[in-house]
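Presented below is the structure to which this report refers.
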Amino acid sequence: MAWKAFGKKDLPTSFLKAFAASNQGRGTFFLPNLSKLIPNFYFKDVPAFLMDHNVVQNGCIIRMFHASYSPALRMKEQAPGLRVPKKDRRVRRENRTEAPVEAPYVPPKSKLTLKPSSNKTIDIFEGMTIVELAKRTGVSIRHLQEIIVNVGEKVDSEFDPLSIDIAELVSMEVGVNVRRQHSDEGAVLQPRPAVVTVMGHVDHGKTSLLDALRQTSVAAKEAGGITQHLGAFVVEMPSGASITFLDTPGHAAFSAMRARGAAVTDIVVLVVAADDGVMPQTLEAMAHAQVANVPIVVAINKCDKLSADPERVRIQLGTEGLLLEDLGGDVQVVQVSAKTKLGLDKLEEALLLQAEIMDLKARIDGPSQAYVVEARLDRGRGPLATAIVKSGTLVCGQYIVVGSEWGRIRSIRDMLGRATSSGKPAMPVEIEGLKGLPMAGDDVVVVDSEERARMLSNGRKKKLEKDRLLKASEERIEIEDTSEETPSTSRVELPMVVKADVQGTVQAVTDALRSLNSAQVFVNVLHVGVGPISQSDVDLAQACGASIVGFNVRSPPSGITLAANQASIKIFMHKVIYHLLEEIGNFIVEKAPGVNDTQIAGEGEVLSIFELKGRSKSKGPDVKIAGCRILDGHFSKSSKWRVLRSGEVVYEGSCLSLKREKNDVDFVEGKGNECGLVLDCDDYKVGDIIQCLEEVKRKPRFVSSANGAVRIEC
């Protein structure tokens with residue numbers, strides 16, 4: 001007899017016997033539930049040998065009980081041939097009557113894990129759809145639609161166009177950085193003046209060259225005779241053409257200003273002194289121009305001096321990879337003198353030629369885009385932003401968003417202080433009417449309404465605050481990791497409050513102070529601001545134990561100065577960056593804890609050895625005295641001593657007795673003097689070198705290089 005399958009084929013009895021025998025001792029085996037997979041599968045006439053083995057047939061599950069007793073397993077269907085895992089026996093636990101062993105709780109080491117901020121940056125543009133925004137951000141369309149509804153916009157379809165402001169708000173909400181792309185397609189482009197940035201090393205004559213071009217004397221009025229701000233000017237050239245010039249500082253502390261100048265300019269004039277040659281800030285200016293992909297025109301200044309060597313400057317620039325026209329390249333070189341006005345016409349010709357080659361054009365109509373080069377706080381007019389218009393026309397009464405600040409343009413002035421109704425492309429203007437002070441380098445965005453301006457400003461402020469907190473947490477983690485690696489190093493924190501005249505100078509001074517951080521001193525800039533020192537600054541410094549830095553601002557009133565003196569708050573007031581960094585550097589060196597170091601205070605040579613033997617018990621054991629002559633420095637009895645033989649240390653220890661002419665002394669000074677020395681060692685010989693060691697507290701050093709760069713060396 002056999003089981004009938006599919007009504008036609010039989011399962012042979014030999015197969016069932018072999019299957020049952022192979023599973024003996026296992027307790028249970030399974031066949032697939034073919035009755036569910038194949039409806040007409042059925043069993044007919046179960047063989048007698050299965051009944052003899054006490055096999056119970058339930059559908060397709062066959063259970064064997066003859067091997068060992070176990071309850072029926074409630075398990076779901078499994079594939080044929082798979083073994084059933086054995087069930088663990090349940091062990092009854094005994095009730096404990098004794099108290100558990102008390103062990104101190106050791107909490108796991110907490111790891112500060114922060115969700116890294118998204119470094120992803122996407123391009124957004126006017127009229128992009130939700131589908132395009134979802135692809136760029138990597139967020140679902142439904143999630144973006146919910147955000148758009150929350151900001152007050154109506155969404156009908158994922159293919160509806162979005163304004164560029166809404167696209168930025170949605171992108172910031174999902175944690176993605178944006179880069180606005182403005183298209184001039186279909187707009188009428190008209191020629192515009194060139195924007196030229198003058199860059200170079202400090203004291204190479206950049207401002208003097210601009211004074212010679214515009215018939216002014218700005219350089220003579222600057223503090224310390226150096227430029228410390230980024231200035232914008234429109235110069236009417238003798239040929240009748242207008243050129244917008246940006247004057248950048250050359251000091252090492254103003255690197256960010258030079259980078260901003262290179263980012264907004266069309267042409268870079270690289271000024272190199274003929275008597276000084278290529279210097280560090282010259283190379284930095286070249287790097288900024290190359291990163292911004294801006295053409296360079298070299299002006300070799302001070303050619304009227306007797307020590308001028310223009311050919312050496314050409315060779316140096318060629319060595320640094322600048323392809324000059326004289327060497328077969330495309331970089332124009334002009335020899336000028338700001339003092340005698342030599343070669344100014346050739347410089348003008350070179351600039352106009354370069355501008356003509358570039359065919360500079362911009363859109364005049366439509367909303368404007370501008371770039372902030374500087375920002376300051378005026379006592380009567382409030383926050384003011386100096387900007388270069390890149391395209392469009394900036395008009396009074398428009399609502400604008402500058403960085404995270406917004407406002408309505410109250411007035412527009414040119415660089416001579418004259419009020420104007422609008423700002424055209426390549427025109428430097430001063431914007432009045434902002435609610436807060438923007439950062440130098442921010443973009444000026446024109447929006448449709450006050451509500452949209454507020455919304456965009458609030459969104460940017462939230463993102464900036466989030467990024468600031470994340471950066472502060474990352475810095476704290478780095479400091480903790482460093483302290484764990486070097487626990488023996490003590491680091492003093494010097495909190496600072498920085499106030500300056502303009503936003504760009506605040507950033508430059510803050511960066512310079514942070515560059516003075518060292519292994520012993522950490523300069524913590526608590527607060528920065530634009531404007532004079534106020535009572536709130538003094539209160540903050542008193543609460544945090546900070547010092548106040550005032551750069552190029554007027555002296556605080558007597559009441560504020562008196563309050564600072566009573567609170568023992570140190571105020572640094574300077575108008576020249578050299579003097580400010582030098583005083584703060586010396587202050588840091590004074591506050592640094594220093595490190596313990598061992599130095600050689602004196603060195604002597606063993607000339608002879610005297611032994612005192614047969615002493616009484618009251619005087620102690622035998623003594624071995626080293627007669628020495630001081631070769632350098634001095635000997636001190638309380639110091640640590642070292643014995644050298646053939647350059648190797650044979651002993652380090654203390655001194656038991658020091659005599660000079662049979663008199664016990666504590667100090668012997670002077671080269672060539674002789675003395676007797678008893679160390680806690682009798683293993684010295686004639687010719688050994690004995691060194692006197694002293695523990696000293698070594699302070700860091702303030703180092704200032706020729707180009708103005710400063711640092712603290714420990």
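Residues in the structure tokens are named by chain (A, B, ... in the order shown) and by number from 1 within that chain; ligands are numbered from 1 in the order shown.
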#### Entry: Contacts of A:Val151 within 12 Å, only C-alpha atoms, excl. fewer than 2 positions in-chain, as number ranges by chain
A: 144-149, 153-155, 165-170, 173, 451-452, 454-456, 458-459
Write the residues of the preceding selection, restricted to N, CA and C atoms, as a short mmCIF file (atom, residue, chain, number, x, y, z; two decimals), in the first residue's frame.
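Listing of result-v1.cif after writing:
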data_model
loop_
_atom_site.label_atom_id
_atom_site.label_comp_id
_atom_site.auth_asym_id
_atom_site.auth_seq_id
_atom_site.Cartn_x
_atom_site.Cartn_y
_atom_site.Cartn_z
N LEU A 144 8.26 67.56 1.59
CA LEU A 144 8.47 68.94 1.13
C LEU A 144 7.14 69.68 1.03
N GLN A 145 6.11 69.01 0.60
CA GLN A 145 4.80 69.66 0.50
C GLN A 145 4.29 70.07 1.88
N GLU A 146 4.52 69.24 2.88
CA GLU A 146 4.11 69.61 4.24
C GLU A 146 4.86 70.85 4.72
N ILE A 147 6.15 70.93 4.42
CA ILE A 147 6.92 72.10 4.84
C ILE A 147 6.43 73.35 4.12
N ILE A 148 6.15 73.23 2.84
CA ILE A 148 5.68 74.39 2.07
C ILE A 148 4.35 74.89 2.62
N VAL A 149 3.45 73.98 2.99
CA VAL A 149 2.18 74.39 3.59
C VAL A 149 2.41 75.08 4.93
N GLU A 153 2.46 78.66 2.06
CA GLU A 153 2.31 78.64 0.61
C GLU A 153 1.28 77.58 0.21
N LYS A 154 0.55 77.85 -0.83
CA LYS A 154 -0.45 76.92 -1.33
C LYS A 154 0.20 75.97 -2.33
N VAL A 155 -0.09 74.68 -2.18
CA VAL A 155 0.50 73.66 -3.05
C VAL A 155 -0.64 72.93 -3.76
N ASP A 165 12.89 82.12 -2.92
CA ASP A 165 12.89 82.31 -1.46
C ASP A 165 12.26 81.11 -0.75
N ILE A 166 11.14 80.61 -1.29
CA ILE A 166 10.49 79.44 -0.68
C ILE A 166 11.39 78.22 -0.81
N ALA A 167 12.05 78.08 -1.95
CA ALA A 167 12.97 76.95 -2.13
C ALA A 167 14.10 76.99 -1.10
N GLU A 168 14.59 78.19 -0.79
CA GLU A 168 15.65 78.30 0.22
C GLU A 168 15.12 77.96 1.61
N LEU A 169 13.92 78.45 1.95
CA LEU A 169 13.33 78.14 3.26
C LEU A 169 13.14 76.64 3.45
N VAL A 170 12.61 75.98 2.42
CA VAL A 170 12.38 74.53 2.51
C VAL A 170 13.71 73.79 2.63
N GLU A 173 15.06 74.06 6.06
CA GLU A 173 14.28 73.27 7.01
C GLU A 173 14.73 71.81 7.02
N GLU A 451 6.75 90.50 4.88
CA GLU A 451 6.52 89.18 5.46
C GLU A 451 7.53 88.16 4.95
N ARG A 452 7.78 88.21 3.64
CA ARG A 452 8.76 87.30 3.07
C ARG A 452 10.16 87.59 3.60
N ARG A 454 10.94 88.91 6.58
CA ARG A 454 11.01 88.43 7.95
C ARG A 454 11.18 86.91 8.00
N MET A 455 10.40 86.22 7.17
CA MET A 455 10.43 84.76 7.17
C MET A 455 11.81 84.24 6.76
N LEU A 456 12.37 84.81 5.71
CA LEU A 456 13.68 84.36 5.24
C LEU A 456 14.77 84.69 6.25
N ASN A 458 14.38 85.01 9.57
CA ASN A 458 14.25 84.12 10.73
C ASN A 458 14.77 82.71 10.42
N GLY A 459 14.49 82.23 9.21
CA GLY A 459 15.00 80.91 8.84
C GLY A 459 16.52 80.87 8.81
#
For A:Gln503, work out the shell of residues within 10 Å, counting only C-alpha atoms and skipping chain neighbours fewer than 4 positions away, then give it as an mmCIF file with all heavy atoms, in the first residue's frame.
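Dumped everything to out-v3.cif:
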data_model
loop_
_atom_site.group_PDB
_atom_site.id
_atom_site.type_symbol
_atom_site.label_atom_id
_atom_site.label_comp_id
_atom_site.auth_asym_id
_atom_site.auth_seq_id
_atom_site.Cartn_x
_atom_site.Cartn_y
_atom_site.Cartn_z
ATOM 1 N N HIS A 229 41.216 98.698 6.411
ATOM 2 C CA HIS A 229 39.828 98.510 6.008
ATOM 3 C C HIS A 229 39.787 98.193 4.520
ATOM 4 O O HIS A 229 40.749 98.439 3.790
ATOM 5 C CB HIS A 229 38.985 99.755 6.292
ATOM 6 C CG HIS A 229 38.987 100.179 7.723
ATOM 7 N ND1 HIS A 229 39.959 100.993 8.251
ATOM 8 C CD2 HIS A 229 38.140 99.887 8.733
ATOM 9 C CE1 HIS A 229 39.717 101.198 9.527
ATOM 10 N NE2 HIS A 229 38.613 100.536 9.848
ATOM 11 N N VAL A 373 30.757 94.209 1.047
ATOM 12 C CA VAL A 373 32.208 94.186 1.251
ATOM 13 C C VAL A 373 32.595 94.703 2.630
ATOM 14 O O VAL A 373 33.686 94.407 3.123
ATOM 15 C CB VAL A 373 32.936 95.001 0.155
ATOM 16 C CG1 VAL A 373 32.736 94.361 -1.199
ATOM 17 C CG2 VAL A 373 32.460 96.442 0.132
ATOM 18 N N GLU A 374 31.714 95.484 3.256
ATOM 19 C CA GLU A 374 32.000 96.010 4.588
ATOM 20 C C GLU A 374 30.701 96.426 5.252
ATOM 21 O O GLU A 374 29.708 96.723 4.574
ATOM 22 C CB GLU A 374 32.957 97.209 4.503
ATOM 23 C CG GLU A 374 33.630 97.571 5.809
ATOM 24 C CD GLU A 374 34.418 96.408 6.394
ATOM 25 O OE1 GLU A 374 33.803 95.610 7.137
ATOM 26 O OE2 GLU A 374 35.621 96.285 6.118
ATOM 27 N N ALA A 375 30.666 96.430 6.577
ATOM 28 C CA ALA A 375 29.487 96.840 7.334
ATOM 29 C C ALA A 375 29.942 97.525 8.614
ATOM 30 O O ALA A 375 30.927 97.107 9.235
ATOM 31 C CB ALA A 375 28.602 95.634 7.660
ATOM 32 N N ARG A 376 29.220 98.576 8.988
ATOM 33 C CA ARG A 376 29.572 99.318 10.195
ATOM 34 C C ARG A 376 28.308 99.837 10.862
ATOM 35 O O ARG A 376 27.217 99.827 10.264
ATOM 36 C CB ARG A 376 30.515 100.489 9.872
ATOM 37 C CG ARG A 376 29.900 101.563 8.983
ATOM 38 C CD ARG A 376 30.933 102.593 8.572
ATOM 39 N NE ARG A 376 30.371 103.623 7.709
ATOM 40 C CZ ARG A 376 29.879 104.782 8.143
ATOM 41 N NH1 ARG A 376 29.896 105.059 9.442
ATOM 42 N NH2 ARG A 376 29.397 105.672 7.296
ATOM 43 N N LEU A 377 28.454 100.298 12.093
ATOM 44 C CA LEU A 377 27.339 100.804 12.885
ATOM 45 C C LEU A 377 27.549 102.297 13.117
ATOM 46 O O LEU A 377 28.527 102.696 13.757
ATOM 47 C CB LEU A 377 27.248 100.052 14.210
ATOM 48 C CG LEU A 377 25.987 100.246 15.040
ATOM 49 C CD1 LEU A 377 24.776 99.732 14.285
ATOM 50 C CD2 LEU A 377 26.119 99.534 16.381
ATOM 51 N N ALA A 385 25.642 99.132 5.386
ATOM 52 C CA ALA A 385 26.329 98.078 4.634
ATOM 53 C C ALA A 385 26.869 98.669 3.341
ATOM 54 O O ALA A 385 26.121 99.286 2.578
ATOM 55 C CB ALA A 385 25.387 96.919 4.339
ATOM 56 N N LEU A 437 23.063 94.439 11.961
ATOM 57 C CA LEU A 437 24.326 94.580 11.236
ATOM 58 C C LEU A 437 24.670 93.268 10.547
ATOM 59 O O LEU A 437 24.833 92.238 11.212
ATOM 60 C CB LEU A 437 25.436 94.972 12.201
ATOM 61 C CG LEU A 437 26.727 95.481 11.563
ATOM 62 C CD1 LEU A 437 26.486 96.809 10.860
ATOM 63 C CD2 LEU A 437 27.813 95.643 12.618
ATOM 64 N N PRO A 438 24.783 93.251 9.215
ATOM 65 C CA PRO A 438 25.138 92.006 8.511
ATOM 66 C C PRO A 438 26.629 91.716 8.610
ATOM 67 O O PRO A 438 27.415 92.541 9.101
ATOM 68 C CB PRO A 438 24.722 92.297 7.067
ATOM 69 C CG PRO A 438 24.903 93.776 6.931
ATOM 70 C CD PRO A 438 24.568 94.374 8.280
ATOM 71 N N MET A 439 27.004 90.558 8.122
ATOM 72 C CA MET A 439 28.410 90.177 8.073
ATOM 73 C C MET A 439 29.004 90.574 6.736
ATOM 74 O O MET A 439 28.324 90.538 5.703
ATOM 75 C CB MET A 439 28.557 88.663 8.255
ATOM 76 C CG MET A 439 28.109 88.158 9.618
ATOM 77 S SD MET A 439 29.141 88.766 10.961
ATOM 78 C CE MET A 439 30.687 87.953 10.568
ATOM 79 N N ALA A 440 30.272 90.956 6.766
ATOM 80 C CA ALA A 440 30.960 91.237 5.517
ATOM 81 C C ALA A 440 31.072 89.957 4.700
ATOM 82 O O ALA A 440 31.457 88.907 5.213
ATOM 83 C CB ALA A 440 32.346 91.804 5.792
ATOM 84 N N GLY A 441 30.693 90.027 3.424
ATOM 85 C CA GLY A 441 30.685 88.861 2.560
ATOM 86 C C GLY A 441 29.300 88.311 2.304
ATOM 87 O O GLY A 441 29.150 87.390 1.492
ATOM 88 N N LYS A 499 35.597 94.545 20.289
ATOM 89 C CA LYS A 499 34.805 95.601 19.665
ATOM 90 C C LYS A 499 35.701 96.327 18.659
ATOM 91 O O LYS A 499 36.866 96.612 18.946
ATOM 92 C CB LYS A 499 34.290 96.605 20.709
ATOM 93 C CG LYS A 499 33.373 96.005 21.748
ATOM 94 C CD LYS A 499 32.134 95.413 21.149
ATOM 95 C CE LYS A 499 31.145 96.459 20.680
ATOM 96 N NZ LYS A 499 30.495 97.221 21.744
ATOM 97 N N GLN A 507 36.153 90.778 12.332
ATOM 98 C CA GLN A 507 36.525 89.424 11.924
ATOM 99 C C GLN A 507 38.036 89.261 11.864
ATOM 100 O O GLN A 507 38.579 88.228 12.282
ATOM 101 C CB GLN A 507 35.906 89.115 10.563
ATOM 102 C CG GLN A 507 36.185 87.715 10.061
ATOM 103 C CD GLN A 507 35.582 87.455 8.694
ATOM 104 O OE1 GLN A 507 34.897 88.314 8.150
ATOM 105 N NE2 GLN A 507 35.837 86.289 8.143
ATOM 106 N N ALA A 508 38.737 90.281 11.346
ATOM 107 C CA ALA A 508 40.196 90.195 11.244
ATOM 108 C C ALA A 508 40.847 90.127 12.620
ATOM 109 O O ALA A 508 41.756 89.315 12.850
ATOM 110 C CB ALA A 508 40.725 91.399 10.462
ATOM 111 N N VAL A 528 31.684 89.465 20.128
ATOM 112 C CA VAL A 528 32.231 90.436 19.181
ATOM 113 C C VAL A 528 31.126 91.415 18.820
ATOM 114 O O VAL A 528 29.934 91.080 18.856
ATOM 115 C CB VAL A 528 32.785 89.755 17.910
ATOM 116 C CG1 VAL A 528 33.937 88.839 18.244
ATOM 117 C CG2 VAL A 528 31.689 88.994 17.175
ATOM 118 N N GLY A 529 31.513 92.628 18.482
ATOM 119 C CA GLY A 529 30.528 93.636 18.120
ATOM 120 C C GLY A 529 31.174 94.805 17.420
ATOM 121 O O GLY A 529 32.401 94.991 17.451
ATOM 122 N N VAL A 530 30.333 95.593 16.785
ATOM 123 C CA VAL A 530 30.773 96.789 16.069
ATOM 124 C C VAL A 530 30.308 98.005 16.849
ATOM 125 O O VAL A 530 29.138 98.082 17.250
ATOM 126 C CB VAL A 530 30.208 96.813 14.643
ATOM 127 C CG1 VAL A 530 30.565 98.114 13.947
ATOM 128 C CG2 VAL A 530 30.728 95.636 13.847
ATOM 129 N N GLY A 531 31.220 98.945 17.065
ATOM 130 C CA GLY A 531 30.876 100.158 17.784
ATOM 131 C C GLY A 531 31.748 100.348 19.006
ATOM 132 O O GLY A 531 32.610 99.519 19.321
#
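Interatomic distance, atom CA of A:Pro193 against atom CA of A:Ala355: 8.3 Å.
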### Message
as a ChimeraX atom specification, please: every residue in stretch 462-630 of chain A that DSSP puts in strand (DSSP E or B).
### Response
/A:492-500,502,521-530,547-551,571-574,595-612,623-630
Mind writing the picked residues with C-alpha atoms as a CSV table (one decimal), in the first residue's frame?
chain,number,residue,atom,x,y,z
A,492,VAL,CA,44.9,78.7,30.9
A,493,GLU,CA,41.8,80.2,29.3
A,494,LEU,CA,41.8,84.0,28.5
A,495,PRO,CA,38.2,85.2,27.6
A,496,MET,CA,38.0,88.2,25.4
A,497,VAL,CA,35.4,90.7,24.3
A,498,VAL,CA,36.2,92.3,20.9
A,499,LYS,CA,34.8,95.6,19.7
A,500,ALA,CA,35.9,97.3,16.4
A,502,VAL,CA,33.5,97.8,11.1
A,521,VAL,CA,46.9,79.5,26.6
A,522,PHE,CA,43.4,79.3,25.0
A,523,VAL,CA,42.1,82.6,23.8
A,524,ASN,CA,38.3,82.4,24.0
A,525,VAL,CA,36.4,85.1,22.2
A,526,LEU,CA,33.2,85.4,24.1
A,527,HIS,CA,31.5,88.3,22.2
A,528,VAL,CA,32.2,90.4,19.2
A,529,GLY,CA,30.5,93.6,18.1
A,530,VAL,CA,30.8,96.8,16.1
A,547,SER,CA,39.4,91.4,29.0
A,548,ILE,CA,38.1,93.9,26.4
A,549,VAL,CA,39.7,94.7,23.1
A,550,GLY,CA,38.8,97.9,21.4
A,551,PHE,CA,40.3,98.4,17.9
A,571,ILE,CA,41.0,97.1,28.3
A,572,PHE,CA,43.3,97.1,25.2
A,573,MET,CA,42.7,100.2,23.0
A,574,HIS,CA,44.7,100.5,19.7
A,595,VAL,CA,56.4,74.5,31.8
A,596,ASN,CA,59.0,73.1,34.2
A,597,ASP,CA,62.3,72.5,32.6
A,598,THR,CA,65.8,71.5,33.7
A,599,GLN,CA,68.8,73.6,32.6
A,600,ILE,CA,72.5,73.5,33.3
A,601,ALA,CA,73.3,76.2,35.8
A,602,GLY,CA,77.0,75.4,36.0
A,603,GLU,CA,79.7,73.0,34.9
A,604,GLY,CA,83.0,72.0,36.4
A,605,GLU,CA,85.8,69.6,36.0
A,606,VAL,CA,87.2,67.2,38.7
A,607,LEU,CA,90.9,68.1,39.2
A,608,SER,CA,91.7,65.9,42.2
A,609,ILE,CA,90.1,63.6,44.7
A,610,PHE,CA,90.7,63.8,48.5
A,611,GLU,CA,89.7,60.9,50.8
A,612,LEU,CA,89.1,61.3,54.6
A,623,VAL,CA,84.4,60.8,52.8
A,624,LYS,CA,85.5,61.2,49.2
A,625,ILE,CA,85.9,64.9,48.2
A,626,ALA,CA,86.1,66.1,44.6
A,627,GLY,CA,88.2,69.1,44.0
A,628,CYS,CA,86.6,71.0,41.1
A,629,ARG,CA,87.2,74.0,39.0
A,630,ILE,CA,84.2,75.8,37.6
### Message
Show me, as a PyMOL selection string, the residues that have an atom within 12 Å of A:Thr129 when counting only C-alpha atoms, minus same-chain residues fewer than 3 positions from it.
### Response
chain A and resi 124-126+132-136+141+144-145+148+155-164+166-167
### Task
Quick one: everything within 9 Å of A:Asp275, counting only C-alpha atoms, minus sequence neighbours fewer than 2 positions away in the same chain. Send it as a ChimeraX atom specification.
/A:272-273,277,301-303,305-310,313
Can you write just those residues out, C-alpha atoms, as a CSV table (one decimal), in the first residue's frame?
chain,number,residue,atom,x,y,z
A,272,VAL,CA,54.8,94.4,-5.9
A,273,ALA,CA,57.5,96.8,-4.6
A,277,GLY,CA,60.2,91.8,-4.3
A,301,ASN,CA,55.7,99.9,-7.8
A,302,LYS,CA,58.4,102.1,-6.4
A,303,CYS,CA,60.4,102.0,-9.7
A,305,LYS,CA,64.0,104.2,-6.1
A,306,LEU,CA,67.7,103.6,-6.6
A,307,SER,CA,67.4,100.1,-5.1
A,308,ALA,CA,64.6,99.2,-7.5
A,309,ASP,CA,65.1,95.9,-9.5
A,310,PRO,CA,62.0,95.2,-11.6
A,313,VAL,CA,60.5,90.9,-9.4
Residues within 8 Å of A:Cys655, please, as a short mmCIF file (atom, residue, chain, number, x, y, z; two decimals) with N, CA, C and O atoms, in the first residue's frame. Count only C-alpha atoms; anything in the same chain fewer than 4 positions from it doesn't count.
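Just written: part_32.cif:
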data_model
loop_
_atom_site.label_atom_id
_atom_site.label_comp_id
_atom_site.auth_asym_id
_atom_site.auth_seq_id
_atom_site.Cartn_x
_atom_site.Cartn_y
_atom_site.Cartn_z
N LYS A 637 74.40 74.55 46.21
CA LYS A 637 74.34 73.33 46.99
C LYS A 637 72.95 72.68 46.93
O LYS A 637 72.83 71.46 46.92
N SER A 638 71.90 73.47 46.86
CA SER A 638 70.53 72.94 46.89
C SER A 638 70.07 72.38 45.55
O SER A 638 68.97 71.83 45.46
N SER A 639 70.88 72.51 44.52
CA SER A 639 70.48 72.05 43.20
C SER A 639 70.70 70.55 43.03
O SER A 639 71.26 69.88 43.89
N LYS A 640 70.23 70.07 41.89
CA LYS A 640 70.45 68.68 41.53
C LYS A 640 71.77 68.58 40.77
O LYS A 640 72.12 69.49 40.01
N TRP A 641 72.50 67.46 40.96
CA TRP A 641 73.84 67.33 40.39
C TRP A 641 73.90 66.11 39.48
O TRP A 641 73.17 65.14 39.65
N LEU A 677 83.71 69.45 46.76
CA LEU A 677 82.33 68.99 46.58
C LEU A 677 82.22 67.55 47.08
O LEU A 677 83.05 66.71 46.75
N VAL A 678 81.21 67.31 47.89
CA VAL A 678 80.92 65.95 48.35
C VAL A 678 79.52 65.60 47.89
O VAL A 678 78.54 66.24 48.30
N LEU A 679 79.42 64.61 47.02
CA LEU A 679 78.12 64.14 46.54
C LEU A 679 77.76 62.84 47.23
O LEU A 679 78.61 62.20 47.87
N ASP A 680 76.53 62.47 47.11
CA ASP A 680 76.07 61.20 47.69
C ASP A 680 76.50 60.05 46.77
O ASP A 680 75.70 59.21 46.37
#
### Task
Just the helix (DSSP H, G or I) stuff from stretch 537-586 of chain A, please, per backbone DSSP, written as a list in words.
Asp537, Val538, Asp539, Leu540, Ala541, Gln542, Ala543, Cys544, Ser558, Gly559, Ile560, Thr561, Leu562, Ala563, Ala564, Asn565, Gln566, Ile577, Tyr578, His579, Leu580, Leu581, Glu582, Glu583, Ile584, Gly585 and Asn586 of chain A
Keeping only N, CA and C atoms, write those residues as a CSV table (one decimal), in the first residue's frame.
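Result went into result29.csv, see below:
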chain,number,residue,atom,x,y,z
A,537,ASP,N,29.2,95.7,27.7
A,537,ASP,CA,30.5,95.0,27.5
A,537,ASP,C,31.3,94.8,28.8
A,538,VAL,N,31.3,95.9,29.6
A,538,VAL,CA,32.0,95.8,30.9
A,538,VAL,C,31.3,94.8,31.8
A,539,ASP,N,30.0,94.8,31.8
A,539,ASP,CA,29.2,93.9,32.6
A,539,ASP,C,29.5,92.4,32.2
A,540,LEU,N,29.5,92.2,30.9
A,540,LEU,CA,29.8,90.8,30.4
A,540,LEU,C,31.2,90.4,30.8
A,541,ALA,N,32.2,91.3,30.6
A,541,ALA,CA,33.6,91.0,31.0
A,541,ALA,C,33.7,90.7,32.4
A,542,GLN,N,33.0,91.5,33.3
A,542,GLN,CA,33.1,91.3,34.7
A,542,GLN,C,32.5,89.9,35.1
A,543,ALA,N,31.4,89.6,34.5
A,543,ALA,CA,30.7,88.3,34.8
A,543,ALA,C,31.6,87.1,34.4
A,544,CYS,N,32.3,87.2,33.3
A,544,CYS,CA,33.1,86.1,32.8
A,544,CYS,C,34.6,86.2,33.1
A,558,SER,N,34.4,108.2,30.7
A,558,SER,CA,35.1,108.1,32.0
A,558,SER,C,34.4,107.2,32.9
A,559,GLY,N,33.0,107.2,32.9
A,559,GLY,CA,32.3,106.3,33.8
A,559,GLY,C,32.5,104.8,33.5
A,560,ILE,N,32.6,104.5,32.2
A,560,ILE,CA,32.8,103.1,31.8
A,560,ILE,C,34.2,102.7,32.1
A,561,THR,N,35.2,103.6,31.9
A,561,THR,CA,36.6,103.3,32.3
A,561,THR,C,36.7,103.1,33.8
A,562,LEU,N,36.0,103.9,34.6
A,562,LEU,CA,36.1,103.8,36.0
A,562,LEU,C,35.5,102.5,36.5
A,563,ALA,N,34.4,102.1,35.9
A,563,ALA,CA,33.7,100.8,36.2
A,563,ALA,C,34.6,99.6,35.9
A,564,ALA,N,35.3,99.7,34.7
A,564,ALA,CA,36.2,98.7,34.4
A,564,ALA,C,37.4,98.6,35.3
A,565,ASN,N,37.9,99.7,35.7
A,565,ASN,CA,39.1,99.7,36.7
A,565,ASN,C,38.7,99.1,38.0
A,566,GLN,N,37.5,99.5,38.5
A,566,GLN,CA,37.0,98.9,39.8
A,566,GLN,C,36.8,97.4,39.7
A,577,ILE,N,47.0,97.6,14.0
A,577,ILE,CA,47.0,96.2,14.3
A,577,ILE,C,48.3,95.7,14.8
A,578,TYR,N,49.4,96.2,14.4
A,578,TYR,CA,50.7,95.8,14.9
A,578,TYR,C,50.8,95.9,16.4
A,579,HIS,N,50.4,97.1,16.9
A,579,HIS,CA,50.5,97.4,18.4
A,579,HIS,C,49.6,96.6,19.2
A,580,LEU,N,48.4,96.4,18.6
A,580,LEU,CA,47.4,95.6,19.3
A,580,LEU,C,47.8,94.2,19.6
A,581,LEU,N,48.3,93.5,18.5
A,581,LEU,CA,48.7,92.1,18.6
A,581,LEU,C,50.0,92.0,19.5
A,582,GLU,N,50.8,93.0,19.4
A,582,GLU,CA,52.1,92.9,20.2
A,582,GLU,C,51.7,93.0,21.7
A,583,GLU,N,50.8,93.9,22.1
A,583,GLU,CA,50.4,94.0,23.5
A,583,GLU,C,49.7,92.8,24.0
A,584,ILE,N,48.7,92.3,23.2
A,584,ILE,CA,48.0,91.1,23.6
A,584,ILE,C,48.9,89.9,23.7
A,585,GLY,N,49.9,89.8,22.7
A,585,GLY,CA,50.8,88.7,22.8
A,585,GLY,C,51.6,88.7,24.0
A,586,ASN,N,52.1,89.9,24.5
A,586,ASN,CA,52.9,89.9,25.7
A,586,ASN,C,52.0,89.6,26.9
### Computed interatomic separation between atom CA of A:Ala362 and atom CA of A:Thr265 (Å)
13.8 Å
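Across the structure, atom CA of A:Pro700 and atom CA of A:Ser518 are spaced 8.8 Å apart.
With only C-alpha atoms as the basis for measurement, A:Val553 is the residue among A:Val196, A:Ala592, A:Val234, A:Val553 that approaches A:Val576 most closely.
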### Query
Hey, which of A:Glu450, A:Asp443, A:Asp326, A:Glu694 ends up closest to A:Gly407? Count only C-alpha atoms.
A:Glu450
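If you measure from each of A:Leu434, A:Val334, A:Val294, A:Gln369 to A:Asp184 using only C-alpha atoms, the closest one turns out to be A:Gln369.
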